[in-house]
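Visitor: The structure file model29.cif (mmCIF, C-alpha atoms) is provided below.
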```cif
data_protein
#
loop_
_atom_site.group_PDB
_atom_site.id
_atom_site.type_symbol
_atom_site.label_atom_id
_atom_site.label_comp_id
_atom_site.auth_asym_id
_atom_site.auth_seq_id
_atom_site.Cartn_x
_atom_site.Cartn_y
_atom_site.Cartn_z
ATOM 1 C CA MET A 138 147.839 162.998 125.109
ATOM 2 C CA THR A 139 149.093 166.032 127.020
ATOM 3 C CA THR A 140 152.507 167.364 126.001
ATOM 4 C CA LEU A 141 154.438 170.110 127.776
ATOM 5 C CA ILE A 142 157.282 172.171 126.315
ATOM 6 C CA PHE A 143 160.201 173.115 128.547
ATOM 7 C CA THR A 144 162.491 175.883 127.321
ATOM 8 C CA HIS A 145 164.041 179.188 128.366
ATOM 9 C CA THR A 146 165.389 182.259 126.604
ATOM 10 C CA ASP A 147 168.589 181.894 128.660
ATOM 11 C CA CYS A 148 169.504 179.026 126.339
ATOM 12 C CA LEU A 149 169.933 181.615 123.587
ATOM 13 C CA ALA A 150 172.660 183.383 125.573
ATOM 14 C CA HIS A 151 175.191 180.565 125.168
ATOM 15 C CA ASP A 152 177.436 182.191 122.552
ATOM 16 C CA THR A 153 179.731 179.786 120.713
ATOM 17 C CA GLY A 154 181.335 182.417 118.483
ATOM 18 C CA PRO A 155 181.230 183.291 114.776
ATOM 19 C CA GLY A 156 180.818 180.385 112.404
ATOM 20 C CA HIS A 157 180.164 177.760 115.064
ATOM 21 C CA PRO A 158 177.497 175.251 113.922
ATOM 22 C CA GLU A 159 175.867 175.019 117.385
ATOM 23 C CA HIS A 160 174.501 178.549 117.499
ATOM 24 C CA ALA A 161 171.481 180.279 118.996
ATOM 25 C CA GLY A 162 169.734 180.343 115.625
ATOM 26 C CA ARG A 163 169.117 176.622 115.987
ATOM 27 C CA LEU A 164 166.944 177.148 119.043
ATOM 28 C CA ARG A 165 165.260 180.175 117.499
ATOM 29 C CA THR A 166 164.261 177.947 114.580
ATOM 30 C CA VAL A 167 162.689 175.426 116.948
ATOM 31 C CA LEU A 168 160.915 178.108 118.987
ATOM 32 C CA GLN A 169 159.495 179.618 115.799
ATOM 33 C CA LEU A 170 158.273 176.187 114.787
ATOM 34 C CA LEU A 171 156.548 175.802 118.144
ATOM 35 C CA ASP A 172 154.875 179.214 117.746
ATOM 36 C CA GLU A 173 153.650 178.490 114.244
ATOM 37 C CA GLU A 174 152.709 174.808 114.330
ATOM 38 C CA PHE A 175 152.145 173.985 117.996
ATOM 39 C CA PRO A 176 150.697 177.145 119.568
ATOM 40 C CA ASP A 177 148.354 175.186 121.843
ATOM 41 C CA LEU A 178 151.127 173.336 123.653
ATOM 42 C CA THR A 179 151.806 174.736 127.111
ATOM 43 C CA ARG A 180 155.295 176.110 127.608
ATOM 44 C CA ARG A 181 157.076 176.163 130.917
ATOM 45 C CA ASP A 182 160.254 177.984 131.848
ATOM 46 C CA ALA A 183 163.056 175.527 132.450
ATOM 47 C CA PRO A 184 164.572 175.848 135.924
ATOM 48 C CA GLU A 185 168.298 175.703 136.503
ATOM 49 C CA ALA A 186 169.614 172.273 137.401
ATOM 50 C CA THR A 187 171.062 171.982 140.866
ATOM 51 C CA ILE A 188 174.612 170.902 141.566
ATOM 52 C CA GLU A 189 173.186 167.751 143.156
ATOM 53 C CA GLN A 190 171.331 166.868 139.953
ATOM 54 C CA LEU A 191 174.455 167.352 137.842
ATOM 55 C CA GLU A 192 176.663 165.368 140.198
ATOM 56 C CA ARG A 193 174.443 162.297 139.874
ATOM 57 C CA VAL A 194 176.120 161.717 136.498
ATOM 58 C CA HIS A 195 179.172 164.006 136.450
ATOM 59 C CA ASP A 196 182.285 164.023 138.611
ATOM 60 C CA PRO A 197 181.970 166.860 141.165
ATOM 61 C CA HIS A 198 185.393 168.219 140.194
ATOM 62 C CA TYR A 199 184.272 168.359 136.566
ATOM 63 C CA VAL A 200 181.057 170.202 137.426
ATOM 64 C CA ARG A 201 183.028 172.791 139.337
ATOM 65 C CA HIS A 202 185.627 173.029 136.555
ATOM 66 C CA VAL A 203 182.960 173.814 133.955
ATOM 67 C CA LEU A 204 181.225 176.427 136.068
ATOM 68 C CA ASP A 205 184.503 178.016 137.149
ATOM 69 C CA SER A 206 185.710 178.144 133.529
ATOM 70 C CA ILE A 207 182.923 180.438 132.326
ATOM 71 C CA PRO A 208 184.673 183.654 131.266
ATOM 72 C CA ALA A 209 183.702 187.174 132.259
ATOM 73 C CA GLY A 210 184.204 188.168 128.627
ATOM 74 C CA GLY A 211 185.127 186.593 125.328
ATOM 75 C CA TYR A 212 185.306 182.846 124.873
ATOM 76 C CA ARG A 213 186.945 179.875 126.541
ATOM 77 C CA ARG A 214 187.298 176.461 124.892
ATOM 78 C CA LEU A 215 187.128 173.235 126.877
ATOM 79 C CA ASP A 216 187.955 171.268 123.735
ATOM 80 C CA PRO A 217 188.364 172.319 120.082
ATOM 81 C CA ASP A 218 184.579 172.250 119.551
ATOM 82 C CA THR A 219 183.136 173.130 122.948
ATOM 83 C CA VAL A 220 182.995 176.805 123.871
ATOM 84 C CA LEU A 221 182.004 178.772 126.958
ATOM 85 C CA SER A 222 180.974 182.428 126.979
ATOM 86 C CA PRO A 223 179.646 184.816 129.659
ATOM 87 C CA GLY A 224 176.053 183.686 128.996
ATOM 88 C CA SER A 225 176.817 179.980 129.191
ATOM 89 C CA ARG A 226 176.128 179.365 132.874
ATOM 90 C CA PRO A 227 172.335 179.894 132.839
ATOM 91 C CA ALA A 228 172.056 178.164 129.462
ATOM 92 C CA ILE A 229 173.808 174.963 130.460
ATOM 93 C CA LEU A 230 172.059 174.822 133.812
ATOM 94 C CA ARG A 231 168.626 175.375 132.291
ATOM 95 C CA ALA A 232 169.256 172.805 129.544
ATOM 96 C CA ALA A 233 169.824 170.098 132.164
ATOM 97 C CA GLY A 234 167.168 171.536 134.465
ATOM 98 C CA ALA A 235 164.577 171.391 131.703
ATOM 99 C CA VAL A 236 164.933 167.628 131.465
ATOM 100 C CA CYS A 237 164.631 167.189 135.233
ATOM 101 C CA ALA A 238 161.503 169.357 135.288
ATOM 102 C CA ALA A 239 160.060 167.471 132.317
ATOM 103 C CA VAL A 240 160.689 164.135 134.034
ATOM 104 C CA ASP A 241 159.020 165.469 137.179
ATOM 105 C CA ALA A 242 155.964 166.640 135.218
ATOM 106 C CA VAL A 243 155.548 163.394 133.304
ATOM 107 C CA LEU A 244 156.072 161.105 136.287
ATOM 108 C CA SER A 245 153.765 163.144 138.520
ATOM 109 C CA GLY A 246 150.968 162.816 135.966
ATOM 110 C CA GLU A 247 150.855 166.469 134.869
ATOM 111 C CA ALA A 248 151.621 165.416 131.296
ATOM 112 C CA ASP A 249 151.995 162.264 129.244
ATOM 113 C CA THR A 250 154.979 163.534 127.277
ATOM 114 C CA ALA A 251 157.327 166.504 127.220
ATOM 115 C CA PHE A 252 159.749 168.112 124.803
ATOM 116 C CA CYS A 253 162.783 170.073 125.991
ATOM 117 C CA ALA A 254 163.658 172.787 123.479
ATOM 118 C CA VAL A 255 167.079 173.616 124.865
ATOM 119 C CA ARG A 256 170.711 174.108 123.966
ATOM 120 C CA PRO A 257 173.558 173.331 124.201
ATOM 121 C CA CYS A 258 173.268 169.652 123.322
ATOM 122 C CA GLY A 259 174.310 167.096 125.904
ATOM 123 C CA HIS A 260 174.821 163.537 124.697
ATOM 124 C CA HIS A 261 178.584 163.807 124.054
ATOM 125 C CA ALA A 262 179.350 165.068 127.572
ATOM 126 C CA GLU A 263 181.137 162.352 129.549
ATOM 127 C CA PRO A 264 181.311 161.989 133.341
ATOM 128 C CA ASP A 265 184.452 164.108 133.534
ATOM 129 C CA ARG A 266 184.902 165.690 130.112
ATOM 130 C CA ALA A 267 183.221 168.150 127.765
ATOM 131 C CA LYS A 268 183.037 167.030 124.155
ATOM 132 C CA GLY A 269 181.402 167.844 120.842
ATOM 133 C CA PHE A 270 179.537 171.059 121.797
ATOM 134 C CA CYS A 271 178.261 169.400 125.022
ATOM 135 C CA LEU A 272 178.990 170.499 128.614
ATOM 136 C CA PHE A 273 176.520 168.541 130.758
ATOM 137 C CA ASN A 274 174.697 165.396 129.666
ATOM 138 C CA ASN A 275 171.111 166.633 129.807
ATOM 139 C CA VAL A 276 169.370 163.333 129.051
ATOM 140 C CA ALA A 277 171.478 161.352 131.533
ATOM 141 C CA VAL A 278 170.774 163.952 134.227
ATOM 142 C CA GLY A 279 167.070 163.446 133.502
ATOM 143 C CA ALA A 280 167.364 159.665 133.674
ATOM 144 C CA GLN A 281 168.879 159.849 137.127
ATOM 145 C CA GLN A 282 166.232 162.358 138.224
ATOM 146 C CA ALA A 283 163.630 159.694 137.467
ATOM 147 C CA ARG A 284 165.458 157.209 139.643
ATOM 148 C CA ALA A 285 166.610 159.393 142.523
ATOM 149 C CA VAL A 286 163.417 161.401 143.002
ATOM 150 C CA HIS A 287 160.641 159.183 141.656
ATOM 151 C CA GLY A 288 161.961 155.765 142.580
ATOM 152 C CA LEU A 289 162.027 154.344 139.066
ATOM 153 C CA ARG A 290 164.423 151.525 138.391
ATOM 154 C CA ARG A 291 164.529 150.918 134.631
ATOM 155 C CA VAL A 292 165.032 153.947 132.392
ATOM 156 C CA ALA A 293 165.824 153.878 128.661
ATOM 157 C CA VAL A 294 167.313 156.440 126.297
ATOM 158 C CA VAL A 295 166.815 156.182 122.529
ATOM 159 C CA ASP A 296 169.175 158.410 120.534
ATOM 160 C CA PHE A 297 168.720 159.027 116.790
ATOM 161 C CA ASP A 298 171.173 161.905 116.461
ATOM 162 C CA VAL A 299 173.589 161.328 113.571
ATOM 163 C CA HIS A 300 176.500 161.305 116.031
ATOM 164 C CA HIS A 301 176.878 158.547 118.587
ATOM 165 C CA GLY A 302 176.012 159.550 122.146
ATOM 166 C CA ASN A 303 179.333 158.509 123.635
ATOM 167 C CA GLY A 304 178.688 160.345 126.900
ATOM 168 C CA THR A 305 175.348 158.682 127.547
ATOM 169 C CA GLN A 306 176.830 155.306 126.673
ATOM 170 C CA ALA A 307 179.703 155.834 129.119
ATOM 171 C CA MET A 308 177.323 156.812 131.901
ATOM 172 C CA PHE A 309 175.039 153.810 131.304
ATOM 173 C CA TRP A 310 177.713 151.205 130.536
ATOM 174 C CA SER A 311 177.894 149.465 133.920
ATOM 175 C CA ASP A 312 174.275 149.745 135.072
ATOM 176 C CA PRO A 313 171.921 146.903 134.059
ATOM 177 C CA ASP A 314 168.864 149.058 134.745
ATOM 178 C CA LEU A 315 169.807 151.761 132.247
ATOM 179 C CA PHE A 316 169.330 151.122 128.521
ATOM 180 C CA PHE A 317 170.936 153.086 125.711
ATOM 181 C CA GLY A 318 169.967 152.481 122.080
ATOM 182 C CA SER A 319 171.549 154.591 119.348
ATOM 183 C CA SER A 320 171.448 154.900 115.574
ATOM 184 C CA HIS A 321 174.270 156.958 114.068
ATOM 185 C CA GLN A 322 176.587 157.383 111.123
ATOM 186 C CA TRP A 323 179.701 155.244 111.519
ATOM 187 C CA PRO A 324 182.650 155.492 111.241
ATOM 188 C CA PHE A 325 182.207 159.111 112.210
ATOM 189 C CA TYR A 326 182.635 161.521 115.086
ATOM 190 C CA PRO A 327 183.162 160.786 117.997
ATOM 191 C CA GLY A 328 184.583 157.391 116.988
ATOM 192 C CA THR A 329 182.446 155.272 119.314
ATOM 193 C CA GLY A 330 179.277 153.294 118.659
ATOM 194 C CA ALA A 331 180.368 150.013 117.061
ATOM 195 C CA ARG A 332 177.921 147.118 117.270
ATOM 196 C CA GLU A 333 180.331 145.315 119.566
ATOM 197 C CA GLU A 334 179.976 148.019 122.222
ATOM 198 C CA ARG A 335 177.262 146.347 124.286
ATOM 199 C CA GLY A 336 177.770 147.499 127.863
ATOM 200 C CA GLN A 337 178.649 145.416 130.876
ATOM 201 C CA PHE A 338 175.165 143.879 130.975
ATOM 202 C CA ALA A 339 174.279 143.954 127.248
ATOM 203 C CA ASN A 340 172.283 147.088 128.027
ATOM 204 C CA ILE A 341 173.786 149.079 125.123
ATOM 205 C CA VAL A 342 172.517 148.606 121.560
ATOM 206 C CA ASN A 343 174.276 150.448 118.743
ATOM 207 C CA LEU A 344 173.101 150.688 115.143
ATOM 208 C CA PRO A 345 176.044 152.063 113.120
ATOM 209 C CA LEU A 346 174.980 153.174 109.638
ATOM 210 C CA PRO A 347 177.399 153.788 106.755
ATOM 211 C CA ALA A 348 177.496 157.236 105.185
ATOM 212 C CA PHE A 349 174.690 157.828 102.681
ATOM 213 C CA SER A 350 172.357 155.327 104.353
ATOM 214 C CA GLY A 351 168.752 156.403 104.056
ATOM 215 C CA SER A 352 165.250 155.504 105.163
ATOM 216 C CA THR A 353 165.405 151.832 104.220
ATOM 217 C CA GLU A 354 168.594 151.098 106.158
ATOM 218 C CA PHE A 355 167.560 153.197 109.138
ATOM 219 C CA ARG A 356 164.099 151.713 109.528
ATOM 220 C CA ALA A 357 165.215 148.140 108.965
ATOM 221 C CA GLY A 358 168.095 148.499 111.390
ATOM 222 C CA MET A 359 165.997 150.055 114.119
ATOM 223 C CA ALA A 360 163.255 147.461 113.664
ATOM 224 C CA GLU A 361 165.726 144.572 113.800
ATOM 225 C CA THR A 362 168.050 145.728 116.591
ATOM 226 C CA VAL A 363 167.242 148.700 118.822
ATOM 227 C CA LEU A 364 163.461 148.396 119.071
ATOM 228 C CA PRO A 365 163.311 144.674 119.973
ATOM 229 C CA GLU A 366 165.971 145.188 122.650
ATOM 230 C CA LEU A 367 164.078 148.194 124.021
ATOM 231 C CA ASP A 368 160.931 146.070 124.127
ATOM 232 C CA ARG A 369 162.725 143.339 126.064
ATOM 233 C CA PHE A 370 164.186 145.883 128.476
ATOM 234 C CA ALA A 371 160.623 146.978 129.423
ATOM 235 C CA PRO A 372 161.448 150.484 130.641
ATOM 236 C CA GLU A 373 159.456 152.437 133.184
ATOM 237 C CA LEU A 374 160.303 155.675 131.346
ATOM 238 C CA ILE A 375 161.710 156.430 127.903
ATOM 239 C CA LEU A 376 163.829 159.474 127.144
ATOM 240 C CA ILE A 377 164.682 160.455 123.573
ATOM 241 C CA SER A 378 167.858 162.193 122.443
ATOM 242 C CA ALA A 379 166.247 163.883 119.469
ATOM 243 C CA GLY A 380 168.894 165.021 117.022
ATOM 244 C CA PHE A 381 167.874 165.960 113.494
ATOM 245 C CA ASP A 382 171.319 166.025 111.874
ATOM 246 C CA ALA A 383 170.671 162.668 110.180
ATOM 247 C CA ASP A 384 168.440 164.657 107.801
ATOM 248 C CA ALA A 385 169.671 164.476 104.205
ATOM 249 C CA ARG A 386 170.216 168.252 104.109
ATOM 250 C CA ASP A 387 172.386 168.538 107.197
ATOM 251 C CA PRO A 388 175.785 170.115 106.424
ATOM 252 C CA LEU A 389 177.771 168.180 109.058
ATOM 253 C CA ALA A 390 176.903 164.575 108.176
ATOM 254 C CA GLN A 391 176.073 162.202 105.346
ATOM 255 C CA LEU A 392 173.014 160.180 106.318
ATOM 256 C CA ARG A 393 169.959 160.624 104.132
ATOM 257 C CA LEU A 394 166.940 160.523 106.414
ATOM 258 C CA GLN A 395 163.709 162.358 105.650
ATOM 259 C CA PRO A 396 161.277 164.034 108.072
ATOM 260 C CA ALA A 397 158.990 161.017 107.737
ATOM 261 C CA ASP A 398 161.718 158.855 109.256
ATOM 262 C CA PHE A 399 161.741 160.946 112.430
ATOM 263 C CA ALA A 400 157.973 160.583 112.611
ATOM 264 C CA TRP A 401 158.289 156.822 112.094
ATOM 265 C CA ILE A 402 160.867 156.232 114.834
ATOM 266 C CA THR A 403 158.938 158.442 117.247
ATOM 267 C CA ASN A 404 155.762 156.460 116.572
ATOM 268 C CA GLU A 405 157.631 153.204 117.153
ATOM 269 C CA VAL A 406 159.151 154.416 120.414
ATOM 270 C CA MET A 407 155.825 155.773 121.596
ATOM 271 C CA GLY A 408 154.203 152.420 120.878
ATOM 272 C CA LEU A 409 156.678 150.799 123.254
ATOM 273 C CA ALA A 410 156.149 153.602 125.758
ATOM 274 C CA ARG A 411 152.431 152.816 125.792
ATOM 275 C CA ARG A 412 153.159 149.116 126.223
ATOM 276 C CA HIS A 413 155.571 149.454 129.107
ATOM 277 C CA CYS A 414 155.220 152.812 130.849
ATOM 278 C CA GLY A 415 151.795 154.275 130.244
ATOM 279 C CA GLY A 416 152.960 156.318 127.266
ATOM 280 C CA LYS A 417 155.364 158.367 129.379
ATOM 281 C CA ALA A 418 158.241 159.831 127.371
ATOM 282 C CA VAL A 419 160.501 162.889 127.513
ATOM 283 C CA SER A 420 162.265 164.144 124.393
ATOM 284 C CA VAL A 421 165.362 166.336 124.498
ATOM 285 C CA LEU A 422 166.742 168.365 121.590
ATOM 286 C CA GLU A 423 170.243 167.355 120.523
ATOM 287 C CA GLY A 424 171.817 168.116 117.127
ATOM 288 C CA GLY A 425 170.580 169.447 113.802
ATOM 289 C CA TYR A 426 172.622 172.054 111.926
ATOM 290 C CA GLY A 427 170.724 172.700 108.709
ATOM 291 C CA MET A 428 167.767 174.906 109.565
ATOM 292 C CA ASP A 429 165.305 173.371 107.080
ATOM 293 C CA GLY A 430 166.101 169.841 108.164
ATOM 294 C CA LEU A 431 166.008 170.813 111.831
ATOM 295 C CA ALA A 432 162.608 172.498 111.525
ATOM 296 C CA GLU A 433 160.954 169.828 109.387
ATOM 297 C CA GLY A 434 162.437 166.915 111.315
ATOM 298 C CA CYS A 435 161.508 168.424 114.644
ATOM 299 C CA ALA A 436 157.971 169.122 113.435
ATOM 300 C CA ALA A 437 157.530 165.519 112.311
ATOM 301 C CA HIS A 438 158.902 164.257 115.633
ATOM 302 C CA LEU A 439 156.631 166.515 117.665
ATOM 303 C CA ARG A 440 153.502 165.536 115.747
ATOM 304 C CA SER A 441 154.167 161.930 116.647
ATOM 305 C CA LEU A 442 155.099 162.761 120.235
ATOM 306 C CA VAL A 443 151.951 164.843 120.722
ATOM 307 C CA GLY A 444 149.741 162.392 118.903
ATOM 308 C CA GLY A 445 151.048 159.540 121.009
#
```
In structure tokens, how does this file's structure come out?
Guide:
Amino acid sequence: MTTLIFTHTDCLAHDTGPGHPEHAGRLRTVLQLLDEEFPDLTRRDAPEATIEQLERVHDPHYVRHVLDSIPAGGYRRLDPDTVLSPGSRPAILRAAGAVCAAVDAVLSGEADTAFCAVRPCGHHAEPDRAKGFCLFNNVAVGAQQARAVHGLRRVAVVDFDVHHGNGTQAMFWSDPDLFFGSSHQWPFYPGTGAREERGQFANIVNLPLPAFSGSTEFRAGMAETVLPELDRFAPELILISAGFDADARDPLAQLRLQPADFAWITNEVMGLARRHCGGKAVSVLEGGYGMDGLAEGCAAHLRSLVGG
């Protein structure tokens, strides 16, 4: 298996202010992990997403609003949690652009898999609204890149971040050829992700987990709900919203997953990727706010992604 890493130092310039949990140290932790444990993986600089790429999933007025709201100095909040700073423009454009470039590389045969080590996160960003640290929905932008540029029809996103990917769900809700499967703590932020939320064409599968659920509940739930539905969907490409804040040590949530659980779900998803789409998968960094859990969970995920 050939795996490429897409990242850029511009993603470090997105300054969320003192005490904010989504800070540049998160990405530095992941980049250090890549240096130490995965030095042989080829890194590529993430390009900036184009306006056209962003507008495939976001309202054009919203795209312009975000870019026009970037301050010349200080900070500007688009919601209580989501902050812009002078360095945000290249960061948010490269975060979405990384996923498009990764999709291009995987679908052109340059690599079997790719990992996008980027920030800010994206899965809470809705078509016309910033939310939960997220400005543009990186994984959804990548899904539409696969369809618009490479002619794919059926694209799936699997999201194991501890928070429900409300933005991705909203963008996929009415399209029978887009699949969204999510495990997440519930009830919890952002308040979406009940089992009954199935999408217009039963193309949404949610696995809500009560606080303090651990490996047993997570693995059983994924094996009984999300994975069989993903198998039936038979995607041509799988994207992964890889959040590591379901780790037991994360300070913002109360699930109790271990690094081995991230390896397990990645292995399961990759098995379905081999069955349906030649092992082609693109993983995108989402949450993870305790540095030990982020590093160890990400390492476990990458070993499985690289090992195929």
Visitor: Check which residues satisfy the PyMOL selection byres ((chain A and resi 252) around 7) in the file shown, then give them as a list in words.
Guide: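 Output from the PyMOL selection byres ((chain A and resi 252) around 7), applied to this file: Leu141, Ile142, Phe143, Ala251, Cys253, Ala254, Val419, Ser420 and Val421 of chain A.
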Visitor: What separation in Å, quoted to one decimal, exists between CA of Asp172 (chain A) and CA of Thr146 (chain A)?
Guide: 14.1 Å
Visitor: List, as an NGL selection string, every residue that the PyMOL selection byres ((chain A and resi 237) around 12) selects in the file provided.
Guide: :A and (143-144 or 183-187 or 189-191 or 193 or 230-236 or 238-244 or 251-253 or 274-287 or 376 or 419-421)
Visitor: Enter the distance from CA of Met359 (chain A) to CA of Leu344 (chain A), in Å, rounded to one decimal.
Guide: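 We find that CA of Met359 (chain A) and CA of Leu344 (chain A) lie 7.2 Å from each other.
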Visitor: Can you find the residues with an atom no farther than 10 Å from (180.8, 176.8, 135.8), counting all atoms listed in the file, and report them as a list of chain:residue names?
Guide: A:Tyr199, A:Val200, A:Arg201, A:His202, A:Val203, A:Leu204, A:Asp205, A:Ser206, A:Ile207, A:Pro208, A:Leu221, A:Ser225, A:Arg226, A:Pro227, A:Ile229, A:Leu230, A:Leu272
Visitor: Report, in Å with one decimal, the straight-line distance from CA of Gln169 (chain A) to CA of Arg213 (chain A).
Guide: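 Separation between CA of Gln169 (chain A) and CA of Arg213 (chain A): 29.5 Å.
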Visitor: Go ahead and fit an axis-aligned box to every listed atom of region 340-356 of chain A plus 6 Å each side, and pass me the centre and edge lengths in Å, one decimal, as JSON.
Guide:
```
{"center_x": 170.8, "center_y": 152.5, "center_z": 115.4, "size_x": 25.4, "size_y": 22.7, "size_z": 37.3}
```
